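The file structure15.txt contains compact mmCIF, C-alpha atoms and all ligand atoms:
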# COMPACT_ATOMS: atom_id res chain seq x y z
CA MET A 1 140.80 81.79 -137.67
CA PRO A 2 138.86 79.92 -134.96
CA ILE A 3 139.15 81.15 -131.41
CA GLN A 4 141.15 78.63 -129.44
CA ILE A 5 140.60 77.78 -125.82
CA ILE A 6 142.76 77.44 -122.73
CA ASP A 7 140.99 75.54 -119.95
CA THR A 8 142.62 75.74 -116.52
CA HIS A 9 140.83 72.80 -114.88
CA CYS A 10 139.54 69.35 -115.71
CA ASP A 11 139.48 66.03 -113.87
CA ALA A 12 139.95 63.63 -116.78
CA LEU A 13 142.90 62.00 -114.99
CA LEU A 14 140.67 61.10 -112.06
CA LYS A 15 138.29 59.34 -114.42
CA LEU A 16 141.18 57.51 -116.09
CA TRP A 17 142.52 56.52 -112.67
CA GLU A 18 139.11 55.24 -111.56
CA ASN A 19 138.93 53.13 -114.69
CA PRO A 20 142.25 52.84 -116.58
CA LYS A 21 140.56 50.85 -119.35
CA ARG A 22 138.84 54.00 -120.53
CA SER A 23 140.14 55.51 -123.73
CA PHE A 24 141.35 59.09 -123.46
CA ILE A 25 140.82 59.40 -127.19
CA ASN A 26 137.08 58.95 -127.39
CA ASP A 27 135.47 57.46 -124.28
CA PRO A 28 132.07 59.21 -124.09
CA LYS A 29 132.32 59.21 -120.27
CA ILE A 30 135.35 61.51 -120.48
CA ASP A 31 134.14 65.09 -120.99
CA ALA A 32 137.61 66.34 -121.95
CA ASN A 33 138.65 63.42 -124.19
CA LEU A 34 140.91 64.06 -127.16
CA GLU A 35 138.19 64.08 -129.80
CA ARG A 36 136.20 66.61 -127.79
CA LEU A 37 139.24 68.82 -127.11
CA LYS A 38 139.81 68.95 -130.86
CA ARG A 39 136.17 69.61 -131.68
CA GLY A 40 135.97 72.39 -129.09
CA GLN A 41 139.22 73.99 -130.38
CA VAL A 42 140.93 73.54 -127.02
CA LYS A 43 144.55 74.59 -127.47
CA ILE A 44 145.76 74.04 -123.91
CA GLN A 45 144.10 71.81 -121.32
CA CYS A 46 145.13 71.65 -117.68
CA PHE A 47 144.81 68.18 -116.15
CA ALA A 48 144.41 68.08 -112.37
CA LEU A 49 146.04 65.48 -110.17
CA PHE A 50 143.44 64.88 -107.50
CA VAL A 51 143.39 62.32 -104.69
CA GLU A 52 139.97 61.64 -103.27
CA PRO A 53 139.68 62.28 -99.51
CA PHE A 54 138.76 58.65 -98.72
CA ILE A 55 142.20 57.37 -99.85
CA ARG A 56 144.37 56.47 -96.85
CA GLN A 57 147.18 58.94 -96.17
CA GLU A 58 149.96 56.34 -96.76
CA GLN A 59 148.61 55.70 -100.25
CA LYS A 60 147.99 59.25 -101.39
CA PHE A 61 151.37 60.04 -102.94
CA GLN A 62 151.28 56.71 -104.75
CA VAL A 63 147.89 57.72 -106.23
CA ILE A 64 149.36 61.02 -107.45
CA LEU A 65 152.19 59.11 -109.15
CA GLU A 66 149.71 56.70 -110.72
CA GLN A 67 147.82 59.65 -112.18
CA VAL A 68 151.06 61.19 -113.52
CA ASP A 69 151.80 57.78 -115.08
CA LEU A 70 148.34 57.64 -116.68
CA PHE A 71 148.87 61.16 -118.00
CA ASN A 72 152.11 60.04 -119.66
CA GLU A 73 150.90 56.65 -120.86
CA LYS A 74 147.35 57.46 -121.98
CA VAL A 75 147.25 61.20 -122.70
CA VAL A 76 150.72 62.16 -123.96
CA LYS A 77 152.58 59.16 -125.40
CA PRO A 78 149.97 57.59 -127.71
CA ASN A 79 148.81 60.95 -129.11
CA PRO A 80 151.43 62.82 -131.13
CA GLU A 81 149.15 65.88 -131.25
CA ILE A 82 149.34 66.21 -127.46
CA LYS A 83 152.39 68.06 -126.21
CA HIS A 84 153.20 67.97 -122.49
CA ILE A 85 153.83 71.57 -121.40
CA LYS A 86 156.58 71.06 -118.80
CA SER A 87 157.61 74.70 -118.48
CA TRP A 88 155.92 77.97 -119.39
CA ASP A 89 158.32 78.42 -122.32
CA ASP A 90 156.85 75.28 -123.94
CA ILE A 91 153.66 77.26 -124.61
CA GLN A 92 155.54 79.54 -127.02
CA THR A 93 156.72 76.60 -129.13
CA LEU A 94 153.37 74.80 -129.45
CA LYS A 95 152.81 74.03 -133.12
CA SER A 96 149.55 74.87 -134.87
CA ASP A 97 148.41 71.23 -134.89
CA GLU A 98 149.38 70.54 -131.27
CA ILE A 99 147.32 70.64 -128.08
CA GLY A 100 149.24 71.56 -124.94
CA ALA A 101 148.64 69.52 -121.78
CA ILE A 102 149.53 70.94 -118.38
CA LEU A 103 149.66 68.98 -115.11
CA THR A 104 148.24 70.72 -112.05
CA LEU A 105 147.89 69.55 -108.46
CA GLU A 106 144.56 69.97 -106.67
CA GLY A 107 145.46 69.87 -102.99
CA LEU A 108 148.71 69.06 -101.17
CA ASP A 109 147.29 66.28 -98.99
CA GLY A 110 149.18 63.71 -101.04
CA ILE A 111 152.63 64.93 -100.05
CA GLY A 112 151.99 64.68 -96.28
CA ASP A 113 154.42 67.22 -94.82
CA ASP A 114 157.19 66.52 -97.31
CA LEU A 115 158.17 69.41 -99.56
CA THR A 116 160.69 67.12 -101.29
CA LYS A 117 157.70 65.41 -102.85
CA LEU A 118 156.38 68.79 -104.02
CA ARG A 119 159.69 69.54 -105.76
CA ILE A 120 159.63 66.07 -107.35
CA LEU A 121 156.19 66.89 -108.72
CA PHE A 122 157.65 70.09 -110.21
CA GLN A 123 160.25 67.87 -111.91
CA LEU A 124 157.45 65.75 -113.33
CA GLY A 125 155.94 68.86 -114.87
CA VAL A 126 153.37 70.15 -112.38
CA LEU A 127 152.99 73.88 -113.09
CA SER A 128 150.15 74.87 -110.75
CA VAL A 129 149.50 73.87 -107.15
CA GLY A 130 146.44 74.35 -104.97
CA LEU A 131 147.07 73.95 -101.26
CA THR A 132 143.81 72.18 -100.43
CA TRP A 133 140.67 70.62 -101.79
CA ASN A 134 137.61 71.18 -99.58
CA GLN A 135 139.08 69.70 -96.39
CA ALA A 136 141.89 70.76 -94.11
CA ASN A 137 145.42 69.43 -94.40
CA LEU A 138 148.82 70.27 -92.94
CA PHE A 139 149.17 73.27 -95.27
CA ALA A 140 145.84 75.08 -94.97
CA ASP A 141 142.08 74.72 -94.54
CA GLY A 142 139.75 74.19 -97.46
CA VAL A 143 136.36 75.86 -97.88
CA GLY A 144 134.64 72.94 -96.13
CA GLU A 145 136.67 73.19 -92.91
CA LEU A 146 134.73 74.98 -90.19
CA ARG A 147 137.89 75.97 -88.32
CA GLY A 148 138.74 78.32 -91.20
CA ALA A 149 142.44 78.72 -90.49
CA GLY A 150 144.80 80.45 -92.88
CA LEU A 151 148.07 78.94 -94.04
CA SER A 152 150.27 76.99 -91.64
CA THR A 153 154.03 77.61 -91.59
CA LEU A 154 154.32 74.61 -93.89
CA GLY A 155 151.68 76.10 -96.19
CA LYS A 156 153.70 79.30 -96.42
CA LEU A 157 156.82 77.30 -97.29
CA ALA A 158 154.86 75.56 -100.06
CA VAL A 159 153.85 78.92 -101.54
CA GLN A 160 157.51 80.00 -101.37
CA ALA A 161 158.51 76.81 -103.20
CA ASN A 162 155.90 77.62 -105.86
CA ASN A 163 157.29 81.14 -106.23
CA ASP A 164 160.89 79.93 -106.46
CA ASN A 165 159.95 77.55 -109.27
CA LYS A 166 157.55 79.86 -111.16
CA ILE A 167 154.63 77.63 -110.20
CA LEU A 168 151.12 79.07 -109.93
CA THR A 169 149.46 78.96 -106.51
CA ASP A 170 145.80 78.03 -106.94
CA VAL A 171 143.25 79.48 -104.48
CA SER A 172 140.21 77.55 -105.76
CA HIS A 173 138.90 75.37 -102.86
CA LEU A 174 140.97 77.31 -100.32
CA HIS A 175 139.25 78.83 -97.28
CA ILE A 176 138.92 82.62 -97.53
CA ASN A 177 141.38 83.12 -94.66
CA GLY A 178 143.98 81.10 -96.54
CA PHE A 179 143.12 83.07 -99.66
CA TRP A 180 144.33 86.29 -98.03
CA ASP A 181 147.59 84.64 -96.96
CA VAL A 182 148.17 83.50 -100.53
CA ILE A 183 147.45 86.99 -101.87
CA GLU A 184 150.13 88.29 -99.54
CA LEU A 185 152.73 85.62 -100.34
CA ALA A 186 152.20 84.22 -103.84
CA ASP A 187 153.95 85.68 -106.86
CA TYR A 188 151.63 83.86 -109.28
CA PRO A 189 148.13 83.44 -107.82
CA ILE A 190 145.36 81.81 -109.84
CA ALA A 191 141.79 80.76 -109.10
CA SER A 192 141.70 77.96 -111.66
CA HIS A 193 137.98 77.22 -111.31
CA SER A 194 135.93 79.73 -109.29
CA ASN A 195 133.02 82.10 -109.92
CA ALA A 196 131.58 85.29 -108.42
CA TYR A 197 130.12 85.03 -104.91
CA THR A 198 127.99 88.15 -105.43
CA LEU A 199 126.00 86.24 -108.08
CA CYS A 200 126.05 82.85 -106.38
CA ASP A 201 126.83 82.73 -102.67
CA HIS A 202 128.66 79.42 -102.55
CA PRO A 203 131.85 79.27 -100.43
CA ARG A 204 133.75 77.98 -103.50
CA ASN A 205 133.21 81.36 -105.17
CA LEU A 206 135.15 84.62 -104.83
CA ASN A 207 133.64 87.75 -103.33
CA ASP A 208 134.23 91.15 -104.94
CA GLU A 209 137.07 91.98 -102.58
CA GLN A 210 138.83 88.75 -103.49
CA ILE A 211 138.35 89.41 -107.21
CA HIS A 212 139.77 92.92 -106.77
CA ALA A 213 142.75 91.49 -104.90
CA LEU A 214 143.46 88.98 -107.68
CA VAL A 215 143.23 91.73 -110.27
CA LYS A 216 145.75 93.80 -108.32
CA LYS A 217 148.14 90.84 -107.98
CA ARG A 218 148.07 90.02 -111.73
CA GLY A 219 146.17 86.87 -110.83
CA TYR A 220 144.02 84.82 -113.18
CA ILE A 221 140.47 83.54 -112.70
CA GLY A 222 138.96 80.60 -114.61
CA ILE A 223 135.16 80.69 -114.74
CA VAL A 224 133.85 77.25 -113.75
CA PHE A 225 130.94 75.59 -115.56
CA HIS A 226 129.48 73.88 -112.49
CA PRO A 227 125.81 74.95 -112.21
CA LEU A 228 126.11 74.84 -108.41
CA PHE A 229 128.70 77.65 -108.58
CA LEU A 230 126.79 79.56 -111.28
CA THR A 231 123.19 79.56 -110.10
CA GLY A 232 123.32 77.60 -106.85
CA GLN A 233 121.14 74.98 -108.49
CA ASP A 234 121.83 71.95 -110.66
CA PHE A 235 120.75 73.82 -113.76
CA ALA A 236 122.42 76.70 -115.58
CA THR A 237 122.65 78.17 -119.07
CA ILE A 238 125.41 79.82 -121.09
CA THR A 239 123.73 83.14 -120.18
CA ASP A 240 124.49 82.37 -116.53
CA VAL A 241 128.16 81.78 -117.41
CA ILE A 242 128.22 85.14 -119.18
CA LYS A 243 126.68 86.86 -116.14
CA HIS A 244 129.68 85.77 -114.07
CA ILE A 245 132.05 86.90 -116.82
CA GLU A 246 130.26 90.27 -116.98
CA HIS A 247 130.42 90.69 -113.20
CA MET A 248 134.15 90.06 -113.20
CA CYS A 249 134.60 92.49 -116.11
CA ASN A 250 132.75 95.15 -114.12
CA LEU A 251 135.30 94.62 -111.35
CA GLY A 252 138.15 95.30 -113.76
CA ALA A 253 139.07 91.67 -114.46
CA SER A 254 138.32 91.59 -118.21
CA GLU A 255 141.97 90.93 -119.04
CA GLN A 256 142.45 88.38 -116.27
CA ILE A 257 139.63 85.89 -116.69
CA GLY A 258 139.11 82.78 -118.74
CA PHE A 259 137.66 79.29 -118.39
CA GLY A 260 138.26 76.55 -115.82
CA SER A 261 135.54 74.18 -116.95
CA ASP A 262 135.83 71.48 -114.26
CA PHE A 263 134.82 68.95 -116.94
CA ASP A 264 135.05 65.41 -115.57
CA GLY A 265 134.81 66.82 -112.05
CA ILE A 266 131.13 67.70 -112.40
CA SER A 267 128.10 65.52 -112.97
CA VAL A 268 125.60 68.27 -113.74
CA TYR A 269 126.23 70.62 -116.63
CA VAL A 270 125.51 73.99 -118.16
CA ASN A 271 122.93 73.57 -120.91
CA GLY A 272 124.94 73.58 -124.15
CA LEU A 273 128.26 73.01 -122.39
CA ARG A 274 128.01 69.29 -121.76
CA HIS A 275 131.66 68.53 -122.64
CA ALA A 276 134.80 70.11 -124.09
CA GLY A 277 133.54 69.53 -127.63
CA GLN A 278 130.91 72.24 -127.00
CA PHE A 279 133.30 75.04 -126.00
CA GLN A 280 132.54 76.96 -129.20
CA HIS A 281 128.88 77.30 -128.13
CA LEU A 282 130.13 79.60 -125.40
CA ILE A 283 132.48 81.44 -127.78
CA ASN A 284 129.64 82.03 -130.25
CA GLU A 285 127.48 83.49 -127.49
CA LEU A 286 130.31 85.64 -126.13
CA GLN A 287 130.88 87.10 -129.58
CA LYS A 288 127.38 88.56 -129.48
CA HIS A 289 128.26 90.55 -126.35
CA TYR A 290 131.96 91.36 -126.50
CA SER A 291 134.61 92.55 -128.97
CA GLU A 292 136.73 89.99 -130.77
CA GLN A 293 139.71 91.13 -128.70
CA LEU A 294 137.95 90.56 -125.37
CA VAL A 295 136.63 87.16 -126.45
CA ARG A 296 140.12 86.09 -127.54
CA GLY A 297 141.32 87.29 -124.14
CA PHE A 298 138.77 85.18 -122.23
CA ALA A 299 139.40 82.20 -124.48
CA GLY A 300 143.13 82.04 -123.89
CA GLU A 301 145.12 85.22 -124.51
CA ASN A 302 144.62 86.45 -120.94
CA PHE A 303 146.16 83.27 -119.56
CA ARG A 304 149.08 83.46 -121.99
CA ARG A 305 149.76 87.04 -120.92
CA LEU A 306 149.65 86.33 -117.18
CA ILE A 307 151.76 83.18 -116.89
CA PRO A 308 155.18 83.56 -115.26
CA GLN A 309 157.78 84.95 -117.66
ZN ZN B 401 137.94 71.35 -107.95
How does the structure come out when it is put into structure tokens?
Amino acid sequence: MPIQIIDTHCDALLKLWENPKRSFINDPKIDANLERLKRGQVKIQCFALFVEPFIRQEQKFQVILEQVDLFNEKVVKPNPEIKHIKSWDDIQTLKSDEIGAILTLEGLDGIGDDLTKLRILFQLGVLSVGLTWNQANLFADGVGELRGAGLSTLGKLAVQANNDNKILTDVSHLHINGFWDVIELADYPIASHSNAYTLCDHPRNLNDEQIHALVKKRGYIGIVFHPLFLTGQDFATITDVIKHIEHMCNLGASEQIGFGSDFDGISVYVNGLRHAGQFQHLINELQKHYSEQLVRGFAGENFRRLIPQ
């Protein structure tokens, strides 16, 4: 049986929003299009809702809704093989010929200071929420904000809302000071697309202490295929991806890591991992280094085990 993949981050919805004429089925500009998900044996794909920082505040929530609408109209409805995972239980009932699609939110900027909007997004099926992208907002500071504050009172209320609704709280993009607040408060922490700082000292990555803390909290880490977060350069190989996996394993995270490709959010690529259709290149390489059980864990079983019950 092929080893199937769960990918905790892609930005295909952003590309569809930028150009709604694109086909989700086979547009070659979409790294995580349907044909490629099938070819790469992706079983569950997370689709991020992401509002670019240049969008005016008054328009941001509207943009989130437009992306949810594109998800429904272009990803889910026309493709019977795609099943919208609206609650964690839906993962158990995925049929063998179905691909699960999960909505995630990358940054709370779009809801202003209105937690009602967050709860409405839960109703629409959002199952994972990151407080920030790289900038600051009313909830927390992102990695690009020099102030480096932790969570605001509002940010803490958002984490509580996540907990109450069994929603993951995503620390990727969050400033390290906010990270430690989330570790204290979140029931279901995840770093959906982050690598090891020890191997690549980019602020988007997690240092060893952070990785240890996520391990202790039953958190999940998705290794991201962005060369900048793997090697610090715009070039990387599958061997570099495996170095980050190995580092996390050495820190005790072998049963808590997986993949958060960032396909469609990156414009430089790991050699041999140009799009979702090439996921099995990584699996083949991993099988040379790790047991079948560990590889199945990285590929998807770890995520399945760690999601809220
Ligand atoms: Zn991101």
With distances taken over only C-alpha atoms, the candidate from A:Val224, A:Leu168, A:Ile85, A:Leu103 nearest Gln67 of chain A is A:Leu103
If we count all atoms listed in the file and set the cut-off at 8 Å, which residues sit around Gly222 of chain A, ignoring sequence neighbours fewer than 4 positions away in its own chain? Please answer as a short mmCIF file (atom, residue, chain, number, x, y, z; two decimals) with C-alpha atoms, keeping the file's coordinate frame.
data_model
loop_
_atom_site.label_atom_id
_atom_site.label_comp_id
_atom_site.auth_asym_id
_atom_site.auth_seq_id
_atom_site.Cartn_x
_atom_site.Cartn_y
_atom_site.Cartn_z
CA ASP A 7 140.99 75.54 -119.95
CA THR A 8 142.62 75.74 -116.52
CA ALA A 191 141.79 80.76 -109.10
CA SER A 192 141.70 77.96 -111.66
CA HIS A 193 137.98 77.22 -111.31
CA SER A 194 135.93 79.73 -109.29
CA ASN A 195 133.02 82.10 -109.92
CA ILE A 257 139.63 85.89 -116.69
CA GLY A 258 139.11 82.78 -118.74
CA PHE A 259 137.66 79.29 -118.39
CA GLY A 260 138.26 76.55 -115.82
CA SER A 261 135.54 74.18 -116.95
#
Kindly compile the residues surrounding ligand ZN 401 (chain B) within 8 Å, counting all atoms listed in the file, and format them as an MDAnalysis selection string.
chainID A and resid 9 106 133 172:173 193 262 265
Long-range neighbours of Asn33 of chain A as a ChimeraX atom specification, 12 Å cut-off, only C-alpha atoms, 2 positions minimum in chain
/A:10-13,15-16,22-31,35-40,42,45,47,74-75,79,82,99,101,263-264,275-277
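The nearest approach to Leu214 of chain A among the residues A:Leu49, A:Leu127, A:Leu306, A:Leu282, with only C-alpha atoms taken into account, belongs to A:Leu306.
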In terms of only C-alpha atoms, the residue from A:Trp88, A:Tyr197, A:Phe50, A:Phe279 at minimal distance from Thr132 of chain A is A:Phe50
Please give the centre and size of the box around segment 285-294 of chain A (axis-aligned, containing every atom listed in the file, 5 Å added per side), with values in Å to one decimal and written as AutoDock Vina command-line options.
--center_x 133.5 --center_y 88.0 --center_z -128.1 --size_x 22.3 --size_y 19.1 --size_z 15.4
What's the 12 Å shell around Asn284 of chain A, counting only C-alpha atoms, without same-chain residues fewer than 2 positions away, as a list in words?
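The filter keeps Pro2, Ile3, Gly40, Ile238, Thr239, Ile242, Gly272, Gln278, Phe279, Gln280, His281, Leu282, Leu286, Gln287, Lys288, His289, Tyr290, Ser291, Glu292, Val295, Arg296 and Ala299 of chain A.
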Just the residues within 9 Å of Gln210 of chain A, please, counting only C-alpha atoms, with nothing from its chain fewer than 2 positions along; format it as a PyMOL selection string.
chain A and resi 176+179-180+183+206-208+212-215
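Minimum atom-to-atom distance to Ile102 of chain A, evaluated using only C-alpha atoms, belongs to A:Ser128 out of A:Ser128, A:Ser152, A:Asn19, A:Thr116.
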Name the closest residue to Asp89 of chain A among the candidates A:Pro20, A:Val182, A:Lys166, A:Thr231; distances are taken between atoms, counting all atoms listed in the file.
A:Lys166
When distances are computed from all atoms listed in the file, which of A:Ala158, A:Ala196, A:Ile6, A:Ala236 shows the smallest separation from Lys117 of chain A?
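Residue with the minimum atom-to-atom distance to Lys117 of chain A: A:Ala158.
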Would you pick out the contacts of His175 of chain A at 10 Å or less, using all atoms listed in the file, so that residues sharing its chain but fewer than 2 positions from it are not included, and give the list as a VMD selection string?
chain A and resid 132 to 136 140 to 151 171 to 173 177 to 180 203 to 204
